[in-house]
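> Dropping in model05.cif, which is mmCIF, C-alpha atoms; chains and numbers go by the auth columns:
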data_coords
loop_
_atom_site.group_PDB
_atom_site.id
_atom_site.type_symbol
_atom_site.label_atom_id
_atom_site.label_comp_id
_atom_site.label_asym_id
_atom_site.label_seq_id
_atom_site.Cartn_x
_atom_site.Cartn_y
_atom_site.Cartn_z
_atom_site.B_iso_or_equiv
_atom_site.auth_seq_id
_atom_site.auth_asym_id
ATOM 1 C CA MET A 1 13.360 -5.177 2.685 0.00 243 Y
ATOM 2 C CA GLN A 2 11.895 -2.884 0.095 0.00 244 Y
ATOM 3 C CA ILE A 3 8.638 -1.075 -0.466 0.00 245 Y
ATOM 4 C CA LYS A 4 7.553 -1.025 -4.113 0.00 246 Y
ATOM 5 C CA LEU A 5 5.323 1.781 -5.341 0.00 247 Y
ATOM 6 C CA ASN A 6 2.630 0.931 -7.867 0.00 248 Y
ATOM 7 C CA LEU A 7 1.480 4.500 -8.479 0.00 249 Y
ATOM 8 C CA SER A 8 2.601 4.594 -12.120 0.00 250 Y
ATOM 9 C CA ARG A 9 0.681 1.393 -12.877 0.00 251 Y
ATOM 10 C CA ILE A 10 -2.484 2.658 -11.170 0.00 252 Y
ATOM 11 C CA MET A 11 -2.274 5.995 -12.932 0.00 253 Y
ATOM 12 C CA GLY A 12 -1.797 4.255 -16.276 0.00 254 Y
ATOM 13 C CA GLU A 13 -4.806 2.010 -15.698 0.00 255 Y
ATOM 14 C CA LYS A 14 -6.941 5.025 -14.790 0.00 256 Y
ATOM 15 C CA ARG A 15 -5.354 7.197 -17.491 0.00 257 Y
ATOM 16 C CA ILE A 16 -4.525 9.964 -15.038 0.00 258 Y
ATOM 17 C CA LYS A 17 -1.588 12.283 -15.676 0.00 259 Y
ATOM 18 C CA ILE A 18 0.798 13.521 -12.960 0.00 260 Y
ATOM 19 C CA THR A 19 -0.530 17.093 -13.047 0.00 261 Y
ATOM 20 C CA GLU A 20 -4.127 15.875 -12.911 0.00 262 Y
ATOM 21 C CA LEU A 21 -3.459 13.636 -9.901 0.00 263 Y
ATOM 22 C CA ALA A 22 -1.623 16.439 -8.091 0.00 264 Y
ATOM 23 C CA THR A 23 -4.661 18.683 -8.572 0.00 265 Y
ATOM 24 C CA LEU A 24 -7.199 15.987 -7.610 0.00 266 Y
ATOM 25 C CA ALA A 25 -5.261 14.993 -4.500 0.00 267 Y
ATOM 26 C CA GLY A 26 -4.276 18.520 -3.484 0.00 268 Y
ATOM 27 C CA ILE A 27 -0.575 17.687 -3.289 0.00 269 Y
ATOM 28 C CA SER A 28 2.411 19.071 -5.155 0.00 270 Y
ATOM 29 C CA LYS A 29 3.335 17.887 -8.628 0.00 271 Y
ATOM 30 C CA THR A 30 6.882 17.324 -7.307 0.00 272 Y
ATOM 31 C CA THR A 31 5.569 14.865 -4.700 0.00 273 Y
ATOM 32 C CA VAL A 32 3.530 12.954 -7.276 0.00 274 Y
ATOM 33 C CA MET A 33 6.521 12.841 -9.638 0.00 275 Y
ATOM 34 C CA ALA A 34 8.810 11.470 -6.919 0.00 276 Y
ATOM 35 C CA LEU A 35 6.302 8.742 -6.045 0.00 277 Y
ATOM 36 C CA TYR A 36 5.532 7.991 -9.706 0.00 278 Y
ATOM 37 C CA HIS A 37 9.222 7.489 -10.502 0.00 279 Y
ATOM 38 C CA GLU A 38 9.839 5.641 -7.193 0.00 280 Y
ATOM 39 C CA LYS A 39 12.394 8.263 -6.090 0.00 281 Y
ATOM 40 C CA ALA A 40 10.625 9.263 -2.851 0.00 282 Y
ATOM 41 C CA LYS A 41 12.399 8.485 0.414 0.00 283 Y
ATOM 42 C CA GLY A 42 9.068 8.275 2.251 0.00 284 Y
ATOM 43 C CA VAL A 43 5.449 9.345 2.242 0.00 285 Y
ATOM 44 C CA THR A 44 3.288 10.806 4.995 0.00 286 Y
ATOM 45 C CA PHE A 45 -0.051 9.298 5.979 0.00 287 Y
ATOM 46 C CA ASP A 46 -1.695 12.563 4.899 0.00 288 Y
ATOM 47 C CA VAL A 47 -0.299 12.292 1.355 0.00 289 Y
ATOM 48 C CA LEU A 48 -1.141 8.592 1.192 0.00 290 Y
ATOM 49 C CA ALA A 49 -4.724 9.293 2.285 0.00 291 Y
ATOM 50 C CA LYS A 50 -5.096 12.039 -0.331 0.00 292 Y
ATOM 51 C CA LEU A 51 -3.772 9.754 -3.066 0.00 293 Y
ATOM 52 C CA CYS A 52 -6.153 6.977 -2.026 0.00 294 Y
ATOM 53 C CA ALA A 53 -9.117 9.359 -2.040 0.00 295 Y
ATOM 54 C CA ALA A 54 -8.189 10.770 -5.463 0.00 296 Y
ATOM 55 C CA LEU A 55 -7.588 7.330 -6.985 0.00 297 Y
ATOM 56 C CA ASN A 56 -10.410 5.559 -5.131 0.00 298 Y
ATOM 57 C CA CYS A 57 -8.055 2.860 -3.881 0.00 299 Y
ATOM 58 C CA GLN A 58 -6.462 1.462 -0.722 0.00 300 Y
ATOM 59 C CA PRO A 59 -2.899 2.082 0.554 0.00 301 Y
ATOM 60 C CA ALA A 60 -1.999 -1.529 -0.282 0.00 302 Y
ATOM 61 C CA ASP A 61 -2.875 -0.805 -3.921 0.00 303 Y
ATOM 62 C CA ILE A 62 -0.231 1.943 -4.007 0.00 304 Y
ATOM 63 C CA MET A 63 2.488 0.250 -1.932 0.00 305 Y
ATOM 64 C CA GLU A 64 3.611 -3.319 -1.464 0.00 306 Y
ATOM 65 C CA TYR A 65 6.293 -4.957 0.633 0.00 307 Y
ATOM 66 C CA VAL A 66 8.879 -6.904 -1.346 0.00 308 Y
ATOM 67 C CA PRO A 67 11.166 -8.966 0.913 0.00 309 Y
ATOM 68 C CA ASP A 68 14.868 -9.256 0.152 0.00 310 Y
ATOM 69 C CA LYS A 69 15.764 -12.455 -1.664 0.00 311 Y
ATOM 70 C CA ALA A 70 18.092 -13.425 1.219 0.00 312 Y
ATOM 71 C CA GLU A 71 15.214 -13.401 3.738 0.00 313 Y
#
Rewrite the coordinates I just gave you, this time as structure tokens.

Amino acid sequence: MQIKLNLSRIMGEKRIKITELATLAGISKTTVMALYHEKAKGVTFDVLAKLCAALNCQPADIMEYVPDKAE
């Protein structure tokens, strides 16, 4: 199983830069960069809630479950 992050797509649609989102959400630029580039190993509910508030979206807009092809 895999969780796909759609943060880069959402940010592109809203024309929000990494630094701007970090400021709006009150989280570090490093955290936003890791999520943007899908390099993060995980995300806390606190960070997810802050991203949703800053982007005016739902958690399911940011993350989606992609099942393995063998399943």
> What is the atom CA of Y:Tyr307-atom CA of Y:Gly268 distance in Å, reported with one decimal?
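Taking atom CA of Y:Tyr307 and atom CA of Y:Gly268, their separation equals 26.1 Å.
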> Give as a compact mmCIF listing (two decimals) with C-alpha atoms, keeping the file's coordinate frame the residues that the PyMOL selection byres ((chain Y and resi 245-261) around 8) matches when applied to the coordinates above.

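Writing done, so here's result_19.txt:
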# COMPACT_ATOMS: atom_id res chain seq x y z
CA MET Y 243 13.36 -5.18 2.68
CA GLN Y 244 11.90 -2.88 0.10
CA GLU Y 262 -4.13 15.88 -12.91
CA LEU Y 263 -3.46 13.64 -9.90
CA ALA Y 264 -1.62 16.44 -8.09
CA THR Y 265 -4.66 18.68 -8.57
CA LYS Y 271 3.34 17.89 -8.63
CA VAL Y 274 3.53 12.95 -7.28
CA MET Y 275 6.52 12.84 -9.64
CA LEU Y 277 6.30 8.74 -6.04
CA TYR Y 278 5.53 7.99 -9.71
CA HIS Y 279 9.22 7.49 -10.50
CA GLU Y 280 9.84 5.64 -7.19
CA ASP Y 303 -2.88 -0.80 -3.92
CA ILE Y 304 -0.23 1.94 -4.01
CA MET Y 305 2.49 0.25 -1.93
CA GLU Y 306 3.61 -3.32 -1.46
CA TYR Y 307 6.29 -4.96 0.63
CA VAL Y 308 8.88 -6.90 -1.35
> Figure out the distance between atom CA of Y:Ile269 and atom CA of Y:Asn298, please, to one decimal in Å.
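Between atom CA of Y:Asn298 and atom CA of Y:Ile269 the gap works out to 15.7 Å.
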> Applied to the shown file, which residues does the PyMOL selection byres ((chain Y and resi 288-293) around 8) return, written as a PyMOL selection string?
chain Y and resi 263+267-269+285-287+294-297+301
